[in-house]
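Text of the file my_file_24.tsv, holding TSV, C-alpha atoms:
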chain	number	residue	atom	x	y	z
A	1	MET	CA	-25.63	-12.53	-24.12
A	2	ALA	CA	-26.23	-16.28	-23.81
A	3	SER	CA	-28.93	-17.51	-21.52
A	4	GLN	CA	-28.94	-20.78	-19.65
A	5	ASN	CA	-31.92	-22.65	-18.32
A	6	ASN	CA	-32.28	-23.01	-14.56
A	7	SER	CA	-29.50	-20.54	-13.90
A	8	LEU	CA	-29.73	-18.08	-11.07
A	9	GLY	CA	-28.10	-14.67	-10.99
A	10	TYR	CA	-26.97	-13.11	-7.73
A	11	MET	CA	-26.15	-9.45	-7.39
A	12	ILE	CA	-24.60	-7.77	-4.36
A	13	ILE	CA	-23.51	-4.19	-3.94
A	14	GLU	CA	-21.91	-3.40	-0.64
A	15	GLY	CA	-19.83	-0.71	0.95
A	16	SER	CA	-19.99	2.56	2.76
A	17	GLU	CA	-19.82	6.28	2.05
A	18	THR	CA	-16.14	6.04	1.19
A	19	MET	CA	-16.07	2.83	-0.82
A	20	ILE	CA	-18.63	0.88	-2.82
A	21	ARG	CA	-18.10	-2.32	-4.73
A	22	GLY	CA	-20.26	-4.96	-6.29
A	23	ALA	CA	-20.27	-8.43	-7.74
A	24	ALA	CA	-22.54	-10.60	-9.83
A	25	LEU	CA	-22.56	-14.38	-9.87
A	26	VAL	CA	-24.51	-16.65	-12.18
A	27	THR	CA	-24.83	-20.24	-10.99
A	28	ASP	CA	-26.37	-23.40	-12.36
A	29	SER	CA	-29.09	-25.18	-10.41
A	30	LYS	CA	-26.43	-26.87	-8.24
A	31	GLY	CA	-25.01	-23.51	-7.23
A	32	PHE	CA	-21.89	-24.03	-9.33
A	33	PRO	CA	-20.55	-20.73	-10.75
A	34	LEU	CA	-21.08	-20.24	-14.48
A	35	ASP	CA	-20.19	-16.58	-14.66
A	36	PHE	CA	-18.78	-14.04	-12.29
A	37	ALA	CA	-18.02	-10.35	-12.47
A	38	ARG	CA	-16.93	-7.89	-9.87
A	39	THR	CA	-16.15	-4.19	-9.87
A	40	GLU	CA	-13.07	-2.46	-8.67
A	41	PRO	CA	-13.86	-0.63	-5.44
A	42	LEU	CA	-15.28	2.82	-6.17
A	43	ARG	CA	-13.70	5.35	-3.84
A	44	PRO	CA	-15.10	8.85	-4.28
A	45	ASP	CA	-12.88	11.62	-2.93
A	46	HIS	CA	-14.14	14.19	-0.46
A	47	LEU	CA	-14.99	16.74	-3.16
A	48	ALA	CA	-17.02	14.22	-5.13
A	49	ARG	CA	-18.95	13.32	-1.99
A	50	ILE	CA	-19.72	17.01	-1.41
A	51	LEU	CA	-20.85	17.52	-5.00
A	52	TYR	CA	-23.02	14.43	-5.16
A	53	GLY	CA	-24.23	14.72	-1.56
A	54	GLU	CA	-26.62	12.16	-0.23
A	55	SER	CA	-27.49	10.99	-3.71
A	56	PHE	CA	-24.02	9.58	-4.22
A	57	GLY	CA	-24.77	6.13	-2.79
A	58	LYS	CA	-27.89	5.72	-4.91
A	59	TYR	CA	-26.18	7.02	-8.04
A	60	ALA	CA	-23.14	4.81	-7.54
A	61	LYS	CA	-25.20	1.69	-6.86
A	62	GLU	CA	-27.74	2.11	-9.64
A	63	LYS	CA	-25.85	3.82	-12.40
A	64	LEU	CA	-22.21	2.99	-11.98
A	65	ILE	CA	-21.91	-0.42	-10.39
A	66	LEU	CA	-25.13	-2.16	-11.35
A	67	GLU	CA	-25.01	-1.21	-15.03
A	68	SER	CA	-21.31	-2.07	-15.25
A	69	LEU	CA	-21.91	-5.51	-13.75
A	70	LEU	CA	-24.86	-6.24	-16.01
A	71	ASP	CA	-22.73	-5.28	-19.01
A	72	ALA	CA	-19.90	-7.51	-17.82
A	73	VAL	CA	-21.97	-10.65	-17.21
A	74	GLU	CA	-22.01	-12.83	-20.31
A	75	ILE	CA	-24.58	-15.44	-19.26
A	76	GLN	CA	-28.13	-14.23	-18.83
A	77	PRO	CA	-29.71	-15.96	-15.82
A	78	GLN	CA	-33.40	-16.85	-15.63
A	79	ILE	CA	-33.82	-14.69	-12.57
A	80	TRP	CA	-31.80	-12.04	-10.78
A	81	ILE	CA	-31.69	-12.34	-6.98
A	82	CYS	CA	-30.46	-9.51	-4.78
A	83	ASN	CA	-30.37	-8.84	-1.06
A	84	ASP	CA	-30.80	-5.06	-1.18
A	85	SER	CA	-34.17	-3.44	-1.88
A	86	ASP	CA	-32.41	-0.29	-3.20
A	87	ILE	CA	-31.26	-2.09	-6.33
A	88	LEU	CA	-34.38	-4.19	-6.87
A	89	ALA	CA	-36.19	-1.80	-9.25
A	90	PRO	CA	-33.10	-0.66	-11.22
A	91	LEU	CA	-31.98	-4.29	-11.54
A	92	LYS	CA	-35.30	-5.21	-13.11
A	93	ALA	CA	-35.35	-2.10	-15.28
A	94	ASN	CA	-31.87	-2.76	-16.65
A	95	SER	CA	-31.92	-6.54	-16.94
A	96	LYS	CA	-35.54	-6.79	-18.14
A	97	ILE	CA	-35.96	-10.21	-16.50
A	98	ILE	CA	-37.60	-11.36	-13.26
A	99	THR	CA	-35.89	-9.84	-10.25
A	100	VAL	CA	-36.45	-10.64	-6.60
A	101	MET	CA	-34.96	-9.69	-3.27
A	102	LEU	CA	-34.67	-12.79	-1.08
A	103	GLU	CA	-34.06	-13.13	2.63
A	104	GLU	CA	-34.80	-15.56	5.44
A	105	SER	CA	-38.01	-15.16	7.41
A	106	PRO	CA	-39.24	-16.26	10.82
A	107	HIS	CA	-42.54	-17.32	9.20
A	108	VAL	CA	-43.99	-20.75	9.96
A	109	PRO	CA	-43.48	-23.28	7.13
A	110	LEU	CA	-46.14	-23.22	4.41
A	111	ASP	CA	-48.05	-26.28	3.27
A	112	ALA	CA	-45.95	-27.36	0.33
A	113	VAL	CA	-42.92	-26.52	-1.80
A	114	GLY	CA	-43.74	-23.80	-4.32
A	115	HIS	CA	-46.56	-22.43	-2.20
A	116	ILE	CA	-46.87	-18.62	-2.24
A	117	GLU	CA	-48.48	-16.53	0.47
A	118	THR	CA	-49.19	-12.83	0.24
A	119	THR	CA	-48.26	-10.49	3.07
A	120	ALA	CA	-49.47	-7.12	4.30
A	121	GLU	CA	-46.56	-5.45	2.54
A	122	PRO	CA	-47.20	-4.68	-1.14
A	123	GLY	CA	-44.99	-6.71	-3.47
A	124	VAL	CA	-43.80	-9.00	-0.67
A	125	PHE	CA	-44.60	-12.73	-0.64
A	126	MET	CA	-43.64	-15.77	1.37
A	127	ILE	CA	-42.41	-18.58	-0.86
A	128	GLN	CA	-41.79	-22.10	0.40
A	129	VAL	CA	-38.84	-23.19	-1.72
A	130	GLU	CA	-37.79	-26.34	0.16
A	131	PRO	CA	-39.64	-28.91	2.22
A	132	ASN	CA	-37.84	-28.14	5.46
A	133	GLY	CA	-37.66	-24.88	7.32
A	134	ALA	CA	-39.32	-21.50	6.99
A	135	PRO	CA	-40.39	-19.93	3.70
A	136	LEU	CA	-38.28	-17.18	2.19
A	137	ARG	CA	-39.37	-13.56	2.16
A	138	ALA	CA	-39.48	-12.53	-1.50
A	139	GLU	CA	-39.84	-8.87	-2.43
A	140	PHE	CA	-40.60	-7.90	-6.01
A	141	SER	CA	-40.46	-4.47	-7.61
A	142	ASP	CA	-43.68	-2.54	-8.23
A	143	ASN	CA	-44.03	-3.40	-11.89
A	144	THR	CA	-43.83	-7.20	-11.39
A	145	ARG	CA	-46.76	-9.13	-12.83
A	146	PRO	CA	-48.47	-11.96	-10.87
A	147	ASP	CA	-47.31	-14.52	-13.44
A	148	GLU	CA	-43.72	-13.39	-12.86
A	149	VAL	CA	-44.13	-14.06	-9.14
A	150	GLN	CA	-45.40	-17.57	-9.98
A	151	GLN	CA	-42.49	-18.08	-12.35
A	152	ALA	CA	-39.99	-16.93	-9.72
A	153	ALA	CA	-41.45	-19.33	-7.17
A	154	ALA	CA	-41.13	-22.19	-9.66
A	155	ILE	CA	-37.50	-21.38	-10.53
A	156	LEU	CA	-36.50	-20.99	-6.89
A	157	SER	CA	-38.25	-24.19	-5.81
A	158	PHE	CA	-36.62	-26.15	-8.64
A	159	SER	CA	-33.16	-24.89	-7.68
A	160	ALA	CA	-33.72	-25.36	-3.95
A	161	ALA	CA	-34.04	-29.10	-4.59
A	162	SER	CA	-30.30	-29.23	-5.27
A	163	MET	CA	-28.87	-26.13	-3.60
A	164	ASN	CA	-29.41	-23.61	-0.85
A	165	VAL	CA	-30.69	-20.61	-2.80
A	166	LEU	CA	-29.37	-18.05	-0.28
A	167	GLU	CA	-25.91	-19.60	0.05
A	168	PRO	CA	-24.35	-17.87	-2.99
A	169	PHE	CA	-24.66	-14.50	-1.21
A	170	THR	CA	-22.24	-15.75	1.45
A	171	ARG	CA	-19.89	-17.03	-1.25
A	172	LEU	CA	-20.07	-13.72	-3.12
A	173	GLY	CA	-19.14	-11.80	0.02
A	174	LYS	CA	-16.25	-14.16	0.68
A	175	ALA	CA	-15.11	-13.93	-2.94
A	176	LEU	CA	-15.07	-10.13	-2.81
A	177	ASN	CA	-13.04	-10.15	0.39
A	178	PHE	CA	-10.68	-12.79	-0.98
A	179	LEU	CA	-10.08	-10.89	-4.21
A	180	ALA	CA	-9.60	-7.62	-2.33
A	181	THR	CA	-7.30	-8.90	0.40
A	182	GLY	CA	-6.00	-12.23	-0.87
A	183	ARG	CA	-7.32	-13.90	2.27
A	184	SER	CA	-10.41	-16.06	2.46
B	1	MET	CA	-25.75	95.43	65.78
B	2	PRO	CA	-23.61	98.59	65.64
B	3	LEU	CA	-25.13	101.98	66.11
B	4	SER	CA	-24.95	102.94	62.40
B	5	GLY	CA	-26.87	99.82	61.61
B	6	ILE	CA	-29.66	100.71	64.04
B	7	ARG	CA	-29.80	104.16	62.53
B	8	ASP	CA	-30.09	102.79	59.00
B	9	PHE	CA	-32.77	100.35	60.08
B	10	ILE	CA	-34.87	103.10	61.69
B	11	ALA	CA	-34.26	105.45	58.80
B	12	ARG	CA	-35.34	102.80	56.27
B	13	HIS	CA	-38.47	101.81	58.04
B	14	ALA	CA	-39.52	104.99	59.76
B	15	ILE	CA	-38.20	107.77	57.61
B	16	ARG	CA	-37.76	105.65	54.45
B	17	ASP	CA	-34.45	107.22	53.84
B	18	VAL	CA	-31.56	105.21	52.55
B	19	THR	CA	-28.02	106.27	52.68
B	20	VAL	CA	-26.37	106.03	49.29
B	21	TYR	CA	-22.63	105.98	48.98
B	22	ARG	CA	-20.84	107.01	45.87
B	23	ILE	CA	-17.54	105.84	44.82
B	24	ASP	CA	-15.84	108.37	42.66
B	25	ASP	CA	-12.39	107.06	42.51
B	26	PHE	CA	-12.98	103.57	41.12
B	27	ASN	CA	-9.56	103.14	39.64
B	28	VAL	CA	-9.07	99.49	38.83
B	29	GLU	CA	-6.78	98.45	36.01
B	30	PRO	CA	-8.48	96.30	33.35
B	31	PRO	CA	-7.03	92.83	33.10
B	32	GLU	CA	-4.42	92.29	30.45
B	33	VAL	CA	-5.69	90.37	27.49
B	34	VAL	CA	-3.12	88.29	25.68
B	35	LYS	CA	-4.03	86.98	22.29
B	36	THR	CA	-2.71	83.46	21.84
B	37	LYS	CA	-2.14	82.60	18.21
B	38	THR	CA	-0.19	79.42	18.30
B	39	ARG	CA	0.39	77.45	15.06
B	40	VAL	CA	1.02	73.80	15.42
B	41	PRO	CA	3.24	72.54	12.64
B	42	THR	CA	1.64	69.74	10.68
B	43	LYS	CA	3.27	67.43	8.21
B	44	ARG	CA	1.47	65.65	5.44
B	45	LEU	CA	2.39	62.11	4.77
B	46	TYR	CA	2.51	60.72	1.27
B	47	PRO	CA	4.01	57.45	2.13
B	48	GLN	CA	4.08	54.23	0.15
B	49	ILE	CA	1.56	52.35	2.16
B	50	LYS	CA	2.11	48.67	2.25
B	51	ILE	CA	-0.96	46.56	2.33
B	52	SER	CA	-0.65	42.94	3.17
B	53	VAL	CA	-3.61	40.85	2.09
B	54	GLY	CA	-3.82	37.10	2.29
B	55	ASN	CA	-6.43	36.79	-0.40
B	56	PRO	CA	-7.06	39.91	-2.51
B	57	PHE	CA	-10.65	38.83	-2.99
B	58	ASP	CA	-11.38	38.98	0.72
B	59	LEU	CA	-12.78	42.44	0.30
B	60	ASP	CA	-15.10	42.28	3.22
B	61	LYS	CA	-12.27	41.84	5.67
B	62	LYS	CA	-10.33	44.73	7.18
B	63	ILE	CA	-6.97	45.04	5.55
B	64	PRO	CA	-4.03	45.90	7.82
B	65	CYS	CA	-2.13	48.94	6.50
B	66	SER	CA	1.15	50.40	7.63
B	67	ALA	CA	3.48	53.20	6.56
B	68	LYS	CA	6.96	52.90	7.91
B	69	ARG	CA	6.42	52.41	11.60
B	70	TYR	CA	2.91	53.80	11.73
B	71	LYS	CA	-0.03	51.46	11.72
B	72	LEU	CA	-3.05	52.99	10.11
B	73	LEU	CA	-6.70	52.28	10.42
B	74	THR	CA	-8.29	50.95	7.30
B	75	GLU	CA	-10.83	53.77	7.29
B	76	GLN	CA	-8.07	56.37	7.18
B	77	VAL	CA	-6.58	55.04	3.99
B	78	LYS	CA	-8.17	56.16	0.78
B	79	SER	CA	-7.53	53.70	-1.96
B	80	ARG	CA	-7.33	54.47	-5.63
B	81	ASN	CA	-7.96	52.07	-8.42
B	82	GLN	CA	-4.79	50.98	-10.08
B	83	LYS	CA	-4.39	49.38	-13.40
B	84	ILE	CA	-2.57	46.11	-13.54
B	85	LYS	CA	0.79	47.03	-14.93
B	86	ARG	CA	2.10	43.57	-15.54
B	87	TYR	CA	0.27	40.35	-16.29
B	88	VAL	CA	2.01	37.12	-15.57
B	89	LYS	CA	0.52	34.33	-17.61
B	90	GLN	CA	-0.18	31.26	-15.55
B	91	ASP	CA	-1.47	27.84	-16.44
B	92	ILE	CA	-4.30	27.32	-14.02
B	93	LYS	CA	-4.74	23.68	-13.13
B	94	THR	CA	-8.29	22.42	-13.23
B	95	HIS	CA	-9.38	19.29	-11.44
B	96	LYS	CA	-12.31	17.58	-13.03
B	97	ILE	CA	-14.55	15.50	-10.84
B	98	THR	CA	-15.86	12.62	-12.83
B	99	LEU	CA	-17.19	9.32	-11.72
B	100	GLY	CA	-17.00	7.39	-14.92
B	101	LYS	CA	-20.10	5.84	-16.34
B	102	LYS	CA	-18.33	2.51	-16.57
B	103	ILE	CA	-16.54	1.01	-13.64
B	104	LYS	CA	-13.67	-1.35	-14.31
B	105	THR	CA	-14.82	-4.89	-13.87
B	106	SER	CA	-12.98	-8.18	-13.79
B	107	SER	CA	-14.15	-11.75	-14.05
B	108	PRO	CA	-11.92	-14.10	-12.09
B	109	LEU	CA	-14.33	-17.00	-12.64
B	110	LYS	CA	-11.82	-19.78	-11.94
B	111	GLN	CA	-11.03	-18.39	-8.51
B	112	VAL	CA	-14.72	-18.28	-7.66
B	113	GLN	CA	-15.30	-21.77	-9.06
B	114	ALA	CA	-12.58	-23.06	-6.76
B	115	MET	CA	-14.44	-21.77	-3.71
B	116	PRO	CA	-16.53	-24.37	-1.84
B	117	GLN	CA	-20.23	-24.13	-1.15
B	118	GLU	CA	-21.22	-24.31	2.48
B	119	ARG	CA	-24.18	-26.10	4.05
B	120	GLY	CA	-25.39	-25.75	7.59
B	121	ASN	CA	-26.73	-28.54	9.76
B	122	THR	CA	-30.46	-28.85	9.01
B	123	LEU	CA	-31.18	-31.73	11.39
B	124	LYS	CA	-33.32	-29.57	13.68
B	125	ILE	CA	-35.69	-28.44	10.92
B	126	LEU	CA	-36.05	-31.80	9.16
B	127	LYS	CA	-39.69	-32.76	8.86
B	128	LYS	CA	-38.96	-36.44	8.24
B	129	LYS	CA	-35.84	-37.97	9.69
B	130	PRO	CA	-34.53	-41.14	8.05
B	131	THR	CA	-34.78	-44.35	9.98
B	132	VAL	CA	-31.52	-45.69	11.32
B	133	ALA	CA	-30.63	-48.76	13.34
B	134	ASN	CA	-31.36	-48.85	17.03
B	135	ASN	CA	-27.72	-48.56	17.96
B	136	GLU	CA	-27.17	-45.55	15.63
B	137	MET	CA	-27.67	-41.85	16.20
B	138	ILE	CA	-27.89	-39.07	13.62
B	139	LEU	CA	-25.50	-36.27	14.58
B	140	ALA	CA	-26.03	-33.92	11.65
B	141	CYS	CA	-27.74	-33.52	8.30
B	142	TYR	CA	-26.37	-31.50	5.37
B	143	GLY	CA	-28.12	-30.89	2.11
B	144	PRO	CA	-29.23	-30.69	-0.53
B	145	ILE	CA	-26.03	-31.94	-2.17
B	146	VAL	CA	-25.67	-33.49	-5.62
B	147	GLU	CA	-23.86	-36.67	-4.63
B	148	GLY	CA	-22.63	-37.60	-8.11
B	149	ALA	CA	-21.02	-34.20	-8.64
B	150	VAL	CA	-19.15	-34.05	-5.35
B	151	GLU	CA	-15.40	-33.85	-5.66
B	152	LYS	CA	-14.61	-33.26	-2.00
B	153	LEU	CA	-16.45	-32.80	1.29
B	154	VAL	CA	-14.84	-31.25	4.35
B	155	LEU	CA	-16.50	-30.81	7.73
B	156	ASN	CA	-15.74	-27.47	9.32
B	157	LYS	CA	-15.69	-28.63	12.94
B	158	GLN	CA	-15.47	-25.11	14.34
B	159	ARG	CA	-18.60	-23.86	12.59
B	160	GLY	CA	-20.33	-27.22	12.26
B	161	THR	CA	-20.80	-26.69	8.52
B	162	LEU	CA	-19.99	-28.86	5.55
B	163	LEU	CA	-17.83	-27.49	2.71
B	164	ILE	CA	-18.59	-28.91	-0.72
B	165	TRP	CA	-16.42	-28.83	-3.83
B	166	TYR	CA	-18.22	-29.91	-6.99
B	167	ASN	CA	-16.68	-31.36	-10.11
B	168	PRO	CA	-17.34	-28.68	-12.75
B	169	GLY	CA	-17.69	-31.26	-15.53
B	170	SER	CA	-20.32	-33.37	-13.77
B	171	ARG	CA	-23.77	-33.62	-15.32
B	172	HIS	CA	-25.39	-35.15	-12.26
B	173	ASN	CA	-28.31	-33.24	-10.86
B	174	LYS	CA	-29.98	-35.50	-8.34
B	175	ALA	CA	-29.55	-34.10	-4.86
B	176	LYS	CA	-29.67	-35.90	-1.53
B	177	ASN	CA	-28.92	-35.18	2.08
B	178	VAL	CA	-25.78	-36.53	3.65
B	179	TYR	CA	-26.03	-37.57	7.28
B	180	LEU	CA	-23.34	-37.88	9.90
B	181	ILE	CA	-24.24	-41.01	11.87
B	182	ARG	CA	-22.61	-42.43	14.94
B	183	ARG	CA	-22.86	-46.06	15.97
B	184	LEU	CA	-23.22	-46.29	19.71
B	185	GLY	CA	-20.51	-48.37	21.32
B	186	MET	CA	-16.88	-48.35	22.19
B	187	GLY	CA	-14.39	-47.09	19.59
B	188	SER	CA	-16.82	-46.48	16.76
B	189	LYS	CA	-16.22	-43.44	14.56
B	190	PRO	CA	-18.98	-41.29	13.01
B	191	GLU	CA	-19.66	-42.15	9.37
B	192	TRP	CA	-21.16	-40.25	6.40
B	193	ARG	CA	-24.23	-41.76	4.82
B	194	TRP	CA	-26.25	-40.58	1.78
B	195	LEU	CA	-29.93	-41.09	2.38
As structure tokens, the full file:
Amino acid sequence: MASQNNSLGYMIIEGSETMIRGAALVTDSKGFPLDFARTEPLRPDHLARILYGESFGKYAKEKLILESLLDAVEIQPQIWICNDSDILAPLKANSKIITVMLEESPHVPLDAVGHIETTAEPGVFMIQVEPNGAPLRAEFSDNTRPDEVQQAAAILSFSAASMNVLEPFTRLGKALNFLATGRS
Amino acid sequence: MPLSGIRDFIARHAIRDVTVYRIDDFNVEPPEVVKTKTRVPTKRLYPQIKISVGNPFDLDKKIPCSAKRYKLLTEQVKSRNQKIKRYVKQDIKTHKITLGKKIKTSSPLKQVQAMPQERGNTLKILKKKPTVANNEMILACYGPIVEGAVEKLVLNKQRGTLLIWYNPGSRHNKAKNVYLIRRLGMGSKPEWRWL
């Protein structure tokens, strides 16, 4: 697997009890797509849902979709970004690179770009990635080292100078819908 | 009380004498005893009892039994084990539930590359607004956008967002904000300005 400097990887897995699908997008620091992979929708029948029970969603996300997407992606990003805490730990365990869950926050802006603030929640930090607006809420998995948090803040701040680092999630959702229905 | 009664009363209490009557000619015929020995004819049934069972393994359910036109209670029917006389070989279909380890994936990269990026208006959260002429007003701010790599910009008037298509071959990296500025006055149109 080739790796590219300043590339960001985005991973989404969405769906319900009856259908789960996922997609991975690797972008350059401008947000331009370098690699993309998506899964066919996984539709377990009623019997499979009975047999797997409540663990089906977790099993499908972690084992089936996530691992398949990581195998399919040919460009290794510097960091994997997801928007679902369920896949944060397995994403880090399988990719073996820095992994973070990012989302907007109502927090007041921090002093400067790249500034990190700890929160009351373990593994959760506020990172100011751009000069304007609120910092992002960044959640890391339990086994993340402090230097990895620093490294993530540096990568995100660098990319946020030329792109909106949360925007690719919207594009990924639209891409999945477009490829599934043919309508954007 | 009749006279004989008074006499008996006095005799019983005064003389303690009681008149005893004897009946010698007690000639009553004994009642006729008839011995009833009636035999009710009974008939044993050895019918072919038909048993209709939906599922032969539903042993805990009561099985309806009938012989000709008689319906019998399940408890009245003694069943005997029977050997299976004929075995019809059947191919039993099995349905395996597997959720494959690998899910089919596809990589339609070109379709995704053709999709625009979207920027929202960040004018409200700008810490430092650029200076413009007195007769100009900033309507919106979109960024960061790499100006040199832009192939096309389209304003989505309904959502107030800017759609950006980048040239995939561009090596430019320097990003700026693009502002929508309106010159105050009659007939002037808003213009885009990179600042």
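Atom CA of B:Val112 sits 24.4 Å away from atom CA of A:Ile97.
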Exercise. Select, from B:Met137, B:Leu162, B:Leu126, B:Leu195, the residue with the minimum atom-to-atom distance to chain A, counting only C-alpha atoms.
Key: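 Residue with the minimum atom-to-atom distance to chain A: B:Leu126.
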Practice problem: Give the residues of chain B that lie within 12 Å of chain A; count only C-alpha atoms, and format the answer as an MDAnalysis selection string. | Solution: chainID B and resid 95:129 141:150 163:177
Exercise. Please identify all polymer residues within 9 Å of A:Ser95, counting all atoms listed in the file, omitting same-chain residues fewer than 4 positions from it, and present them as a ChimeraX atom specification.
Key: /A:67,70,76,80,90-91,99
Since we have the selection now, will you write its residues out, keeping C-alpha atoms, as an mmCIF file, keeping the file's coordinate frame?
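Output saved as part.cif:
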data_model
loop_
_atom_site.group_PDB
_atom_site.id
_atom_site.type_symbol
_atom_site.label_atom_id
_atom_site.label_comp_id
_atom_site.auth_asym_id
_atom_site.auth_seq_id
_atom_site.Cartn_x
_atom_site.Cartn_y
_atom_site.Cartn_z
ATOM 1 C CA GLU A 67 -25.010 -1.210 -15.030
ATOM 2 C CA LEU A 70 -24.860 -6.240 -16.010
ATOM 3 C CA GLN A 76 -28.130 -14.230 -18.830
ATOM 4 C CA TRP A 80 -31.800 -12.040 -10.780
ATOM 5 C CA PRO A 90 -33.100 -0.660 -11.220
ATOM 6 C CA LEU A 91 -31.980 -4.290 -11.540
ATOM 7 C CA THR A 99 -35.890 -9.840 -10.250
#
Quiz prompt | Å distance separating atom CA of B:Tyr179 from atom CA of B:Trp194, one decimal place | solution =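 Distance reported for this atom pair: 6.3 Å.
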Quiz item: Just how far from atom CA of A:Ile81 is atom CA of A:Ile13, in Å to one decimal?
Solution: 11.9 Å
Exercise. Would you mind telling me which residue in A:Ser157, A:Gln150, A:Thr118, A:Asn83 lies nearest to A:Glu103 when using all atoms listed in the file?
Key: A:Asn83
